[in-house]
>>> print(open('coords-v6.cif').read())   # mmCIF, C-alpha atoms, pLDDT in the B column; chains and numbers go by the auth columns
data_start
loop_
_atom_site.group_PDB
_atom_site.id
_atom_site.type_symbol
_atom_site.label_atom_id
_atom_site.label_comp_id
_atom_site.label_asym_id
_atom_site.label_seq_id
_atom_site.Cartn_x
_atom_site.Cartn_y
_atom_site.Cartn_z
_atom_site.B_iso_or_equiv
_atom_site.auth_seq_id
_atom_site.auth_asym_id
ATOM 1 C CA MET A 1 -27.086 -2.059 7.708 48.00 10 A
ATOM 2 C CA PRO A 2 -23.269 -2.100 7.824 66.00 11 A
ATOM 3 C CA GLY A 3 -23.114 1.604 8.766 82.00 12 A
ATOM 4 C CA THR A 4 -20.928 4.249 7.138 93.00 13 A
ATOM 5 C CA VAL A 5 -17.620 3.838 5.356 94.00 14 A
ATOM 6 C CA GLU A 6 -15.962 5.516 8.341 95.00 15 A
ATOM 7 C CA SER A 7 -17.491 2.999 10.751 96.00 16 A
ATOM 8 C CA LEU A 8 -16.444 0.135 8.469 97.00 17 A
ATOM 9 C CA ILE A 9 -12.853 1.436 8.547 97.00 18 A
ATOM 10 C CA GLY A 10 -13.050 1.727 12.326 97.00 19 A
ATOM 11 C CA ARG A 11 -14.178 -1.871 12.589 97.00 20 A
ATOM 12 C CA TRP A 12 -11.354 -2.924 10.248 98.00 21 A
ATOM 13 C CA ASP A 13 -8.803 -1.358 12.582 98.00 22 A
ATOM 14 C CA GLU A 14 -10.429 -3.033 15.584 98.00 23 A
ATOM 15 C CA GLN A 15 -10.483 -6.508 14.033 97.00 24 A
ATOM 16 C CA GLN A 16 -6.908 -6.151 12.794 97.00 25 A
ATOM 17 C CA ALA A 17 -5.794 -5.121 16.280 97.00 26 A
ATOM 18 C CA ALA A 18 -7.459 -8.298 17.550 97.00 27 A
ATOM 19 C CA TYR A 19 -4.973 -10.326 15.524 96.00 28 A
ATOM 20 C CA ILE A 20 -1.946 -8.060 16.069 96.00 29 A
ATOM 21 C CA THR A 21 -0.904 -7.210 19.621 96.00 30 A
ATOM 22 C CA ASN A 22 0.315 -3.609 19.976 97.00 31 A
ATOM 23 C CA ARG A 23 -0.594 -2.806 16.371 97.00 32 A
ATOM 24 C CA GLU A 24 -0.438 0.950 16.928 97.00 33 A
ATOM 25 C CA GLN A 25 3.066 0.695 18.369 98.00 34 A
ATOM 26 C CA ARG A 26 4.430 -0.698 15.155 97.00 35 A
ATOM 27 C CA PHE A 27 2.674 2.002 13.127 98.00 36 A
ATOM 28 C CA ASP A 28 4.170 4.644 15.426 98.00 37 A
ATOM 29 C CA ILE A 29 7.750 3.467 14.946 98.00 38 A
ATOM 30 C CA MET A 30 7.293 3.350 11.170 98.00 39 A
ATOM 31 C CA LEU A 31 5.998 6.929 11.225 98.00 40 A
ATOM 32 C CA ASP A 32 8.962 7.980 13.368 98.00 41 A
ATOM 33 C CA VAL A 33 11.322 6.600 10.721 98.00 42 A
ATOM 34 C CA VAL A 34 9.428 8.494 8.016 98.00 43 A
ATOM 35 C CA ALA A 35 9.768 11.658 10.118 98.00 44 A
ATOM 36 C CA ARG A 36 13.534 11.186 10.354 97.00 45 A
ATOM 37 C CA ILE A 37 13.806 10.739 6.589 97.00 46 A
ATOM 38 C CA CYS A 38 11.836 13.950 6.065 97.00 47 A
ATOM 39 C CA GLU A 39 14.099 15.806 8.495 96.00 48 A
ATOM 40 C CA THR A 40 17.387 14.585 7.032 96.00 49 A
ATOM 41 C CA THR A 41 16.779 14.297 3.282 95.00 50 A
ATOM 42 C CA ALA A 42 17.350 17.167 0.887 93.00 51 A
ATOM 43 C CA GLY A 43 14.168 18.199 -0.894 92.00 52 A
ATOM 44 C CA LEU A 44 11.863 16.985 1.870 95.00 53 A
ATOM 45 C CA ASP A 45 10.312 18.849 4.791 97.00 54 A
ATOM 46 C CA VAL A 46 8.959 17.866 8.196 96.00 55 A
ATOM 47 C CA ASP A 47 5.368 18.291 6.978 97.00 56 A
ATOM 48 C CA GLY A 48 6.013 15.774 4.201 97.00 57 A
ATOM 49 C CA SER A 49 6.428 18.317 1.443 97.00 58 A
ATOM 50 C CA GLY A 50 8.117 16.506 -1.456 96.00 59 A
ATOM 51 C CA LEU A 51 7.538 13.069 0.079 97.00 60 A
ATOM 52 C CA ILE A 52 6.007 10.235 -1.956 98.00 61 A
ATOM 53 C CA VAL A 53 5.366 6.889 -0.264 98.00 62 A
ATOM 54 C CA LEU A 54 4.462 3.555 -1.833 98.00 63 A
ATOM 55 C CA ASP A 55 2.096 1.510 0.347 98.00 64 A
ATOM 56 C CA LEU A 56 2.463 -2.064 -0.895 98.00 65 A
ATOM 57 C CA ALA A 57 -0.735 -4.127 -0.528 98.00 66 A
ATOM 58 C CA CYS A 58 -2.352 -1.137 1.150 98.00 67 A
ATOM 59 C CA GLY A 59 -5.695 -2.816 1.881 98.00 68 A
ATOM 60 C CA PRO A 60 -8.312 -0.273 2.976 98.00 69 A
ATOM 61 C CA GLY A 61 -5.596 2.267 3.746 98.00 70 A
ATOM 62 C CA SER A 62 -4.861 2.024 7.470 97.00 71 A
ATOM 63 C CA LEU A 63 -1.153 2.823 7.161 98.00 72 A
ATOM 64 C CA SER A 64 -1.654 5.237 4.265 98.00 73 A
ATOM 65 C CA HIS A 65 -4.105 7.230 6.385 98.00 74 A
ATOM 66 C CA ARG A 66 -1.676 7.484 9.285 98.00 75 A
ATOM 67 C CA ILE A 67 1.083 8.716 6.973 98.00 76 A
ATOM 68 C CA LEU A 68 -1.174 11.314 5.373 98.00 77 A
ATOM 69 C CA GLU A 69 -2.424 12.464 8.759 98.00 78 A
ATOM 70 C CA ARG A 70 1.025 12.923 10.273 98.00 79 A
ATOM 71 C CA PHE A 71 2.601 14.440 7.145 98.00 80 A
ATOM 72 C CA PRO A 72 -0.070 16.760 5.727 98.00 81 A
ATOM 73 C CA ARG A 73 1.795 17.527 2.490 97.00 82 A
ATOM 74 C CA ALA A 74 2.925 13.980 1.684 98.00 83 A
ATOM 75 C CA ARG A 75 1.475 11.829 -1.088 97.00 84 A
ATOM 76 C CA VAL A 76 0.823 8.076 -0.955 98.00 85 A
ATOM 77 C CA LEU A 77 0.426 5.634 -3.826 98.00 86 A
ATOM 78 C CA GLY A 78 -1.560 2.684 -2.486 98.00 87 A
ATOM 79 C CA ILE A 79 -0.975 -0.524 -4.425 98.00 88 A
ATOM 80 C CA ASP A 80 -3.311 -3.484 -4.038 98.00 89 A
ATOM 81 C CA TYR A 81 -4.682 -6.370 -6.103 98.00 90 A
ATOM 82 C CA ASP A 82 -7.858 -6.755 -4.037 98.00 91 A
ATOM 83 C CA PRO A 83 -10.510 -4.682 -5.846 98.00 92 A
ATOM 84 C CA VAL A 84 -12.807 -4.563 -2.804 98.00 93 A
ATOM 85 C CA LEU A 85 -10.188 -3.221 -0.402 98.00 94 A
ATOM 86 C CA LEU A 86 -8.678 -0.878 -2.990 98.00 95 A
ATOM 87 C CA THR A 87 -12.117 0.603 -3.715 98.00 96 A
ATOM 88 C CA LEU A 88 -12.696 1.080 0.008 98.00 97 A
ATOM 89 C CA ALA A 89 -9.291 2.787 0.375 98.00 98 A
ATOM 90 C CA SER A 90 -10.038 5.058 -2.571 98.00 99 A
ATOM 91 C CA GLU A 91 -13.448 6.074 -1.221 97.00 100 A
ATOM 92 C CA TRP A 92 -12.303 6.628 2.363 97.00 101 A
ATOM 93 C CA LEU A 93 -8.920 8.243 1.785 98.00 102 A
ATOM 94 C CA GLY A 94 -10.277 10.317 -1.079 96.00 103 A
ATOM 95 C CA SER A 95 -12.856 11.787 1.280 96.00 104 A
ATOM 96 C CA GLN A 96 -10.218 12.399 3.973 95.00 105 A
ATOM 97 C CA HIS A 97 -7.169 13.475 1.970 97.00 106 A
ATOM 98 C CA GLY A 98 -8.299 14.257 -1.575 97.00 107 A
ATOM 99 C CA ASP A 99 -5.816 13.521 -4.332 96.00 108 A
ATOM 100 C CA ARG A 100 -2.901 13.038 -1.932 97.00 109 A
ATOM 101 C CA PHE A 101 -3.843 9.335 -2.059 98.00 110 A
ATOM 102 C CA ALA A 102 -3.773 7.550 -5.408 97.00 111 A
ATOM 103 C CA PRO A 103 -5.020 3.929 -5.712 98.00 112 A
ATOM 104 C CA ILE A 104 -2.977 1.649 -7.976 98.00 113 A
ATOM 105 C CA ASP A 105 -4.481 -1.662 -9.125 98.00 114 A
ATOM 106 C CA ALA A 106 -1.439 -3.927 -9.483 98.00 115 A
ATOM 107 C CA ASP A 107 -0.402 -7.474 -8.592 97.00 116 A
ATOM 108 C CA LEU A 108 2.712 -7.590 -6.390 97.00 117 A
ATOM 109 C CA ALA A 109 3.078 -11.294 -7.196 96.00 118 A
ATOM 110 C CA SER A 110 4.086 -10.206 -10.701 95.00 119 A
ATOM 111 C CA THR A 111 7.388 -8.483 -11.392 94.00 120 A
ATOM 112 C CA ASP A 112 5.819 -5.938 -13.761 95.00 121 A
ATOM 113 C CA TRP A 113 3.845 -4.084 -11.066 97.00 122 A
ATOM 114 C CA PRO A 114 6.048 -0.947 -11.382 96.00 123 A
ATOM 115 C CA SER A 115 4.630 -0.469 -14.897 95.00 124 A
ATOM 116 C CA GLN A 116 1.346 0.542 -13.255 95.00 125 A
ATOM 117 C CA LEU A 117 2.988 3.433 -11.403 95.00 126 A
ATOM 118 C CA PRO A 118 3.029 6.988 -12.757 91.00 127 A
ATOM 119 C CA ALA A 119 6.122 7.649 -14.829 83.00 128 A
ATOM 120 C CA ASP A 120 7.327 10.347 -12.441 77.00 129 A
ATOM 121 C CA THR A 121 6.647 8.425 -9.233 82.00 130 A
ATOM 122 C CA GLY A 122 9.895 9.354 -7.482 90.00 131 A
ATOM 123 C CA ALA A 123 8.997 7.551 -4.255 96.00 132 A
ATOM 124 C CA GLN A 124 11.600 7.755 -1.500 97.00 133 A
ATOM 125 C CA ILE A 125 9.907 5.318 0.905 98.00 134 A
ATOM 126 C CA ALA A 126 7.930 2.101 0.544 98.00 135 A
ATOM 127 C CA VAL A 127 5.953 0.467 3.336 98.00 136 A
ATOM 128 C CA SER A 128 3.727 -2.541 3.888 98.00 137 A
ATOM 129 C CA SER A 129 1.658 -3.822 6.803 98.00 138 A
ATOM 130 C CA THR A 130 0.254 -7.305 7.439 95.00 139 A
ATOM 131 C CA ALA A 131 0.166 -8.225 3.783 95.00 140 A
ATOM 132 C CA LEU A 132 3.316 -9.660 2.231 96.00 141 A
ATOM 133 C CA HIS A 133 2.889 -13.001 4.014 93.00 142 A
ATOM 134 C CA TRP A 134 0.351 -13.744 1.258 92.00 143 A
ATOM 135 C CA LEU A 135 3.242 -14.020 -1.222 94.00 144 A
ATOM 136 C CA ARG A 136 5.105 -17.268 -1.742 93.00 145 A
ATOM 137 C CA PRO A 137 8.784 -17.075 -0.727 93.00 146 A
ATOM 138 C CA ALA A 138 9.973 -16.947 -4.341 94.00 147 A
ATOM 139 C CA GLN A 139 7.501 -14.152 -5.086 95.00 148 A
ATOM 140 C CA LEU A 140 8.675 -12.244 -2.017 96.00 149 A
ATOM 141 C CA VAL A 141 12.303 -12.464 -3.133 96.00 150 A
ATOM 142 C CA ALA A 142 11.293 -11.233 -6.597 97.00 151 A
ATOM 143 C CA LEU A 143 9.307 -8.369 -5.061 97.00 152 A
ATOM 144 C CA TYR A 144 12.318 -7.174 -3.078 98.00 153 A
ATOM 145 C CA GLU A 145 14.509 -7.405 -6.165 97.00 154 A
ATOM 146 C CA THR A 146 12.016 -5.281 -8.101 97.00 155 A
ATOM 147 C CA LEU A 147 11.609 -2.845 -5.221 97.00 156 A
ATOM 148 C CA GLY A 148 15.368 -2.388 -5.149 94.00 157 A
ATOM 149 C CA SER A 149 15.181 -1.000 -8.689 93.00 158 A
ATOM 150 C CA VAL A 150 12.239 1.298 -7.851 95.00 159 A
ATOM 151 C CA LEU A 151 13.631 3.031 -4.760 96.00 160 A
ATOM 152 C CA PRO A 152 16.511 5.506 -5.072 95.00 161 A
ATOM 153 C CA SER A 153 19.849 5.303 -3.295 95.00 162 A
ATOM 154 C CA ASN A 154 19.178 5.620 0.460 95.00 163 A
ATOM 155 C CA GLY A 155 15.483 4.895 -0.156 97.00 164 A
ATOM 156 C CA ILE A 156 13.735 3.179 2.748 98.00 165 A
ATOM 157 C CA PHE A 157 11.483 0.124 2.864 98.00 166 A
ATOM 158 C CA MET A 158 9.602 -1.005 5.973 98.00 167 A
ATOM 159 C CA ASN A 159 7.522 -4.144 6.322 98.00 168 A
ATOM 160 C CA ALA A 160 5.370 -4.870 9.382 98.00 169 A
ATOM 161 C CA ASP A 161 4.114 -8.432 9.489 97.00 170 A
ATOM 162 C CA HIS A 162 3.894 -11.691 11.375 94.00 171 A
ATOM 163 C CA LEU A 163 7.166 -13.483 10.628 95.00 172 A
ATOM 164 C CA ARG A 164 6.604 -16.777 12.356 93.00 173 A
ATOM 165 C CA TYR A 165 9.095 -18.718 14.417 95.00 174 A
ATOM 166 C CA ASP A 166 10.039 -22.147 13.119 93.00 175 A
ATOM 167 C CA PRO A 167 7.890 -24.602 15.108 93.00 176 A
ATOM 168 C CA VAL A 168 10.484 -27.371 14.630 94.00 177 A
ATOM 169 C CA SER A 169 13.636 -25.562 15.735 95.00 178 A
ATOM 170 C CA GLN A 170 11.874 -22.951 17.934 96.00 179 A
ATOM 171 C CA PRO A 171 8.978 -24.792 19.598 97.00 180 A
ATOM 172 C CA LEU A 172 8.966 -22.745 22.813 98.00 181 A
ATOM 173 C CA LEU A 173 9.071 -19.398 20.999 97.00 182 A
ATOM 174 C CA SER A 174 6.326 -20.578 18.651 97.00 183 A
ATOM 175 C CA ALA A 175 4.138 -21.650 21.567 98.00 184 A
ATOM 176 C CA ILE A 176 4.660 -18.387 23.488 98.00 185 A
ATOM 177 C CA ALA A 177 3.814 -16.303 20.417 97.00 186 A
ATOM 178 C CA ALA A 178 0.713 -18.389 19.714 97.00 187 A
ATOM 179 C CA ASP A 179 -0.448 -17.970 23.320 98.00 188 A
ATOM 180 C CA ASP A 180 -0.043 -14.201 23.007 97.00 189 A
ATOM 181 C CA ASP A 181 -2.090 -14.194 19.800 97.00 190 A
ATOM 182 C CA ARG A 182 -4.866 -16.196 21.461 97.00 191 A
ATOM 183 C CA ARG A 183 -5.001 -13.874 24.474 98.00 192 A
ATOM 184 C CA THR A 184 -5.241 -10.789 22.285 98.00 193 A
ATOM 185 C CA GLN A 185 -7.975 -12.305 20.118 97.00 194 A
ATOM 186 C CA HIS A 186 -9.959 -13.632 23.068 97.00 195 A
ATOM 187 C CA ALA A 187 -9.934 -10.281 24.854 98.00 196 A
ATOM 188 C CA ALA A 188 -10.975 -8.394 21.716 98.00 197 A
ATOM 189 C CA HIS A 189 -13.737 -10.768 20.679 97.00 198 A
ATOM 190 C CA ALA A 190 -15.058 -10.922 24.251 98.00 199 A
ATOM 191 C CA ARG A 191 -15.734 -7.188 24.092 97.00 200 A
ATOM 192 C CA GLY A 192 -17.506 -7.495 20.748 97.00 201 A
ATOM 193 C CA VAL A 193 -14.783 -6.813 18.189 97.00 202 A
ATOM 194 C CA GLN A 194 -15.619 -8.419 14.854 97.00 203 A
ATOM 195 C CA THR A 195 -13.798 -11.419 13.451 97.00 204 A
ATOM 196 C CA TRP A 196 -12.252 -11.302 9.975 96.00 205 A
ATOM 197 C CA ASP A 197 -15.259 -13.113 8.470 96.00 206 A
ATOM 198 C CA GLU A 198 -17.781 -10.890 10.244 97.00 207 A
ATOM 199 C CA TRP A 199 -16.051 -7.768 8.965 97.00 208 A
ATOM 200 C CA TRP A 200 -16.104 -9.055 5.380 97.00 209 A
ATOM 201 C CA THR A 201 -19.827 -9.801 5.643 96.00 210 A
ATOM 202 C CA ASP A 202 -20.395 -6.140 6.507 96.00 211 A
ATOM 203 C CA ALA A 203 -17.998 -4.899 3.828 97.00 212 A
ATOM 204 C CA VAL A 204 -19.711 -6.594 0.903 95.00 213 A
ATOM 205 C CA ALA A 205 -23.061 -5.243 2.086 95.00 214 A
ATOM 206 C CA PHE A 206 -21.933 -1.885 0.667 96.00 215 A
ATOM 207 C CA GLU A 207 -23.082 -1.622 -2.936 94.00 216 A
ATOM 208 C CA SER A 208 -19.876 0.079 -4.103 95.00 217 A
ATOM 209 C CA LEU A 209 -17.830 -2.793 -2.659 97.00 218 A
ATOM 210 C CA ALA A 210 -20.189 -5.660 -3.480 97.00 219 A
ATOM 211 C CA GLN A 211 -19.864 -4.991 -7.195 97.00 220 A
ATOM 212 C CA HIS A 212 -16.185 -6.006 -6.979 98.00 221 A
ATOM 213 C CA ARG A 213 -16.761 -9.202 -5.010 97.00 222 A
ATOM 214 C CA ALA A 214 -16.891 -11.540 -8.020 97.00 223 A
ATOM 215 C CA GLU A 215 -13.697 -10.071 -9.463 97.00 224 A
ATOM 216 C CA ARG A 216 -11.976 -10.462 -6.101 97.00 225 A
ATOM 217 C CA GLU A 217 -12.959 -14.126 -5.951 96.00 226 A
ATOM 218 C CA ARG A 218 -11.738 -14.649 -9.519 97.00 227 A
ATOM 219 C CA ARG A 219 -8.358 -13.043 -8.826 96.00 228 A
ATOM 220 C CA PHE A 220 -7.637 -15.076 -5.711 94.00 229 A
ATOM 221 C CA ALA A 221 -9.262 -18.383 -6.702 93.00 230 A
ATOM 222 C CA ASP A 222 -5.912 -20.009 -7.539 89.00 231 A
ATOM 223 C CA ARG A 223 -3.939 -18.552 -4.624 86.00 232 A
ATOM 224 C CA PRO A 224 -4.034 -20.949 -1.693 82.00 233 A
ATOM 225 C CA PRO A 225 -2.462 -20.070 1.672 81.00 234 A
ATOM 226 C CA THR A 226 1.295 -19.767 1.380 85.00 235 A
ATOM 227 C CA PRO A 227 4.086 -20.991 3.658 84.00 236 A
ATOM 228 C CA HIS A 228 5.341 -18.240 5.936 83.00 237 A
ATOM 229 C CA ALA A 229 8.717 -16.819 4.982 88.00 238 A
ATOM 230 C CA PRO A 230 10.928 -16.540 8.079 93.00 239 A
ATOM 231 C CA LEU A 231 12.586 -13.318 9.192 96.00 240 A
ATOM 232 C CA GLU A 232 15.951 -14.482 7.897 96.00 241 A
ATOM 233 C CA LEU A 233 14.571 -14.866 4.371 96.00 242 A
ATOM 234 C CA HIS A 234 13.286 -11.271 4.406 97.00 243 A
ATOM 235 C CA LEU A 235 16.624 -9.907 5.608 97.00 244 A
ATOM 236 C CA ASN A 236 18.700 -11.967 3.190 97.00 245 A
ATOM 237 C CA ALA A 237 16.383 -11.148 0.266 97.00 246 A
ATOM 238 C CA LEU A 238 16.698 -7.428 0.967 98.00 247 A
ATOM 239 C CA ARG A 239 20.488 -7.625 1.087 97.00 248 A
ATOM 240 C CA THR A 240 20.566 -9.661 -2.124 96.00 249 A
ATOM 241 C CA ALA A 241 18.327 -7.038 -3.759 96.00 250 A
ATOM 242 C CA GLY A 242 20.962 -4.394 -3.084 95.00 251 A
ATOM 243 C CA PHE A 243 19.766 -2.915 0.190 98.00 252 A
ATOM 244 C CA ALA A 244 22.804 -1.649 2.112 97.00 253 A
ATOM 245 C CA GLU A 245 21.130 -2.174 5.499 97.00 254 A
ATOM 246 C CA ALA A 246 18.493 -4.629 6.628 98.00 255 A
ATOM 247 C CA GLY A 247 17.360 -5.182 10.189 98.00 256 A
ATOM 248 C CA VAL A 248 14.569 -5.216 12.753 98.00 257 A
ATOM 249 C CA ILE A 249 13.367 -1.912 14.229 98.00 258 A
ATOM 250 C CA TRP A 250 10.470 -3.276 16.330 98.00 259 A
ATOM 251 C CA ARG A 251 9.378 -6.664 17.572 98.00 260 A
ATOM 252 C CA HIS A 252 6.692 -8.256 19.720 98.00 261 A
ATOM 253 C CA TYR A 253 7.325 -12.009 19.676 97.00 262 A
ATOM 254 C CA ASP A 254 6.844 -12.950 16.011 96.00 263 A
ATOM 255 C CA ASP A 255 5.280 -9.651 14.986 97.00 264 A
ATOM 256 C CA VAL A 256 8.140 -7.733 13.400 98.00 265 A
ATOM 257 C CA VAL A 257 8.932 -4.485 11.582 98.00 266 A
ATOM 258 C CA VAL A 258 11.814 -4.941 9.148 98.00 267 A
ATOM 259 C CA LEU A 259 13.653 -1.971 7.662 98.00 268 A
ATOM 260 C CA GLY A 260 15.827 -1.933 4.570 98.00 269 A
ATOM 261 C CA ARG A 261 17.889 1.005 3.265 98.00 270 A
ATOM 262 C CA ARG A 262 18.993 1.072 -0.350 96.00 271 A
#
>>> encode(input="coords-v6.cif", output="structure tokens")
Amino acid sequence: MPGTVESLIGRWDEQQAAYITNREQRFDIMLDVVARICETTAGLDVDGSGLIVLDLACGPGSLSHRILERFPRARVLGIDYDPVLLTLASEWLGSQHGDRFAPIDADLASTDWPSQLPADTGAQIAVSSTALHWLRPAQLVALYETLGSVLPSNGIFMNADHLRYDPVSQPLLSAIAADDDRRTQHAAHARGVQTWDEWWTDAVAFESLAQHRAERERRFADRPPTPHAPLELHLNALRTAGFAEAGVIWRHYDDVVVLGRR
């Protein structure tokens, strides 16, 4: 038996941390930025009252959960195209936070994803974690352009992801980052943390998730692995999309948190 939904979420966090060194650190700095926005923006409060956050490609809700925990009156709209992970997020976060989390089935590779949002969304912040590298560079640029029209003036976007060094022009940096990844994975798997494939085997053993497996395979059948967009592309795309500021707020080798302010 795969256990409970809560244990499945716990194992998700463990296996993700096996691939991302200091994963909680990058969550913490993103939450600190959210706290500052709540403290300094008219109409918001330190408990998240009035705050609406878009979690782009939210997966099973790891970042959404942390936002809802720290800001007990905030709301999160979790957008994902993976029906298995979105169902898991809906089940888990619904049980933890009620209707403060709303799942949105939308494809970020398409520019019409905002049409799936409630008409009165009014989100001040958008976030993403370990997800947008699945988009092709042209799709990423289009996403930022669309996001620029969704967020208000002074709205904030933060993206935490692996933004790889260029192995041709940065061979030493690439090698050091790869060594760090291997050490983190080896240590985690040596103490019994699941691999990505092992976690998915457990996930689709849940009846409520298994029923979406065929649809998931259909949706992603024609989406092969994509080339990694470098940090510079993210920063330039944000500026081109009308973000007044774009920069790095946290970094561990090639694991980066990028922030953009409209």
>>> resolve_selection(input="coords-v6.cif", expression="the PyMOL selection byres ((chain A and resi 67-83) around 7)", output="MDAnalysis selection string")
chainID A and resid 40 56:61 64:66 84:85 87:89 94:95 97:98 102 109 137
>>> write_last_selection(input="coords-v6.cif", atoms="C-alpha atoms", output="PDB file, in the coordinates of the input")
ATOM      1  CA  LEU A  40       5.998   6.929  11.225  1.00 98.00           C
ATOM      2  CA  ASP A  56       5.368  18.291   6.978  1.00 97.00           C
ATOM      3  CA  GLY A  57       6.013  15.774   4.201  1.00 97.00           C
ATOM      4  CA  SER A  58       6.428  18.317   1.443  1.00 97.00           C
ATOM      5  CA  GLY A  59       8.117  16.506  -1.456  1.00 96.00           C
ATOM      6  CA  LEU A  60       7.538  13.069   0.079  1.00 97.00           C
ATOM      7  CA  ILE A  61       6.007  10.235  -1.956  1.00 98.00           C
ATOM      8  CA  ASP A  64       2.096   1.510   0.347  1.00 98.00           C
ATOM      9  CA  LEU A  65       2.463  -2.064  -0.895  1.00 98.00           C
ATOM     10  CA  ALA A  66      -0.735  -4.127  -0.528  1.00 98.00           C
ATOM     11  CA  ARG A  84       1.475  11.829  -1.088  1.00 97.00           C
ATOM     12  CA  VAL A  85       0.823   8.076  -0.955  1.00 98.00           C
ATOM     13  CA  GLY A  87      -1.560   2.684  -2.486  1.00 98.00           C
ATOM     14  CA  ILE A  88      -0.975  -0.524  -4.425  1.00 98.00           C
ATOM     15  CA  ASP A  89      -3.311  -3.484  -4.038  1.00 98.00           C
ATOM     16  CA  LEU A  94     -10.188  -3.221  -0.402  1.00 98.00           C
ATOM     17  CA  LEU A  95      -8.678  -0.878  -2.990  1.00 98.00           C
ATOM     18  CA  LEU A  97     -12.696   1.080   0.008  1.00 98.00           C
ATOM     19  CA  ALA A  98      -9.291   2.787   0.375  1.00 98.00           C
ATOM     20  CA  LEU A 102      -8.920   8.243   1.785  1.00 98.00           C
ATOM     21  CA  ARG A 109      -2.901  13.038  -1.932  1.00 97.00           C
ATOM     22  CA  SER A 137       3.727  -2.541   3.888  1.00 98.00           C
TER      23      SER A 137
END
>>> residues_around(input="coords-v6.cif", residues="Asp189 in chain A", least_positions_apart="5", cutoff="12 Å", atoms="all atoms listed in the file", output="PDB file with C-alpha atoms, keeping the file's coordinate frame")
ATOM      1  CA  ALA A  27      -7.459  -8.298  17.550  1.00 97.00           C
ATOM      2  CA  TYR A  28      -4.973 -10.326  15.524  1.00 96.00           C
ATOM      3  CA  ILE A  29      -1.946  -8.060  16.069  1.00 96.00           C
ATOM      4  CA  THR A  30      -0.904  -7.210  19.621  1.00 96.00           C
ATOM      5  CA  ASN A  31       0.315  -3.609  19.976  1.00 97.00           C
ATOM      6  CA  LEU A 182       9.071 -19.398  20.999  1.00 97.00           C
ATOM      7  CA  SER A 183       6.326 -20.578  18.651  1.00 97.00           C
ATOM      8  CA  ALA A 184       4.138 -21.650  21.567  1.00 98.00           C
ATOM      9  CA  GLN A 194      -7.975 -12.305  20.118  1.00 97.00           C
ATOM     10  CA  HIS A 195      -9.959 -13.632  23.068  1.00 97.00           C
ATOM     11  CA  ALA A 196      -9.934 -10.281  24.854  1.00 98.00           C
ATOM     12  CA  HIS A 261       6.692  -8.256  19.720  1.00 98.00           C
ATOM     13  CA  TYR A 262       7.325 -12.009  19.676  1.00 97.00           C
ATOM     14  CA  ASP A 263       6.844 -12.950  16.011  1.00 96.00           C
ATOM     15  CA  ASP A 264       5.280  -9.651  14.986  1.00 97.00           C
TER      16      ASP A 264
END
>>> resolve_selection(input="coords-v6.cif", expression="the PyMOL selection byres ((chain A and resi 172) around 7)", output="count of residues only")
11
>>> atom_distance(input="coords-v6.cif", atom1="CA of Leu268 in chain A", atom2="CA of Gly256 in chain A")
5.5 Å
>>> resolve_selection(input="coords-v6.cif", expression="the PyMOL selection byres ((chain A and resi 120) around 10)", output="short mmCIF file (atom, residue, chain, number, x, y, z; two decimals) with C-alpha atoms, in the frame of the given file")
data_model
loop_
_atom_site.label_atom_id
_atom_site.label_comp_id
_atom_site.auth_asym_id
_atom_site.auth_seq_id
_atom_site.Cartn_x
_atom_site.Cartn_y
_atom_site.Cartn_z
CA ASP A 116 -0.40 -7.47 -8.59
CA LEU A 117 2.71 -7.59 -6.39
CA ALA A 118 3.08 -11.29 -7.20
CA SER A 119 4.09 -10.21 -10.70
CA ASP A 121 5.82 -5.94 -13.76
CA TRP A 122 3.84 -4.08 -11.07
CA PRO A 123 6.05 -0.95 -11.38
CA SER A 124 4.63 -0.47 -14.90
CA GLN A 148 7.50 -14.15 -5.09
CA ALA A 151 11.29 -11.23 -6.60
CA LEU A 152 9.31 -8.37 -5.06
CA TYR A 153 12.32 -7.17 -3.08
CA GLU A 154 14.51 -7.40 -6.16
CA THR A 155 12.02 -5.28 -8.10
CA LEU A 156 11.61 -2.84 -5.22
#
>>> closest_residue(input="coords-v6.cif", among="A:Met39, A:Ala135, A:Ala186, A:Leu144", to="Leu86 in chain A", atoms="all atoms listed in the file")
A:Ala135
>>> atom_distance(input="coords-v6.cif", atom1="CA of Ser138 in chain A", atom2="CA of Arg35 in chain A")
9.3 Å
>>> decode(input="coords-v6.cif", residues="range 164-168 of chain A", atoms="N, CA, C and O atoms", output="compact mmCIF listing (two decimals), in the first residue's frame")
# COMPACT_ATOMS: atom_id res chain seq x y z
N GLY A 164 3.29 44.26 -9.08
CA GLY A 164 3.10 42.84 -8.80
C GLY A 164 4.42 42.10 -8.86
O GLY A 164 5.35 42.50 -9.57
N ILE A 165 4.51 41.01 -8.12
CA ILE A 165 5.77 40.27 -7.97
C ILE A 165 5.64 38.87 -8.56
O ILE A 165 4.62 38.19 -8.38
N PHE A 166 6.69 38.45 -9.27
CA PHE A 166 6.81 37.08 -9.74
C PHE A 166 8.12 36.50 -9.24
O PHE A 166 9.16 37.17 -9.30
N MET A 167 8.07 35.26 -8.72
CA MET A 167 9.28 34.57 -8.31
C MET A 167 9.29 33.16 -8.89
O MET A 167 8.29 32.44 -8.82
N ASN A 168 10.43 32.80 -9.44
CA ASN A 168 10.61 31.48 -10.04
C ASN A 168 11.84 30.81 -9.45
O ASN A 168 12.96 31.33 -9.57
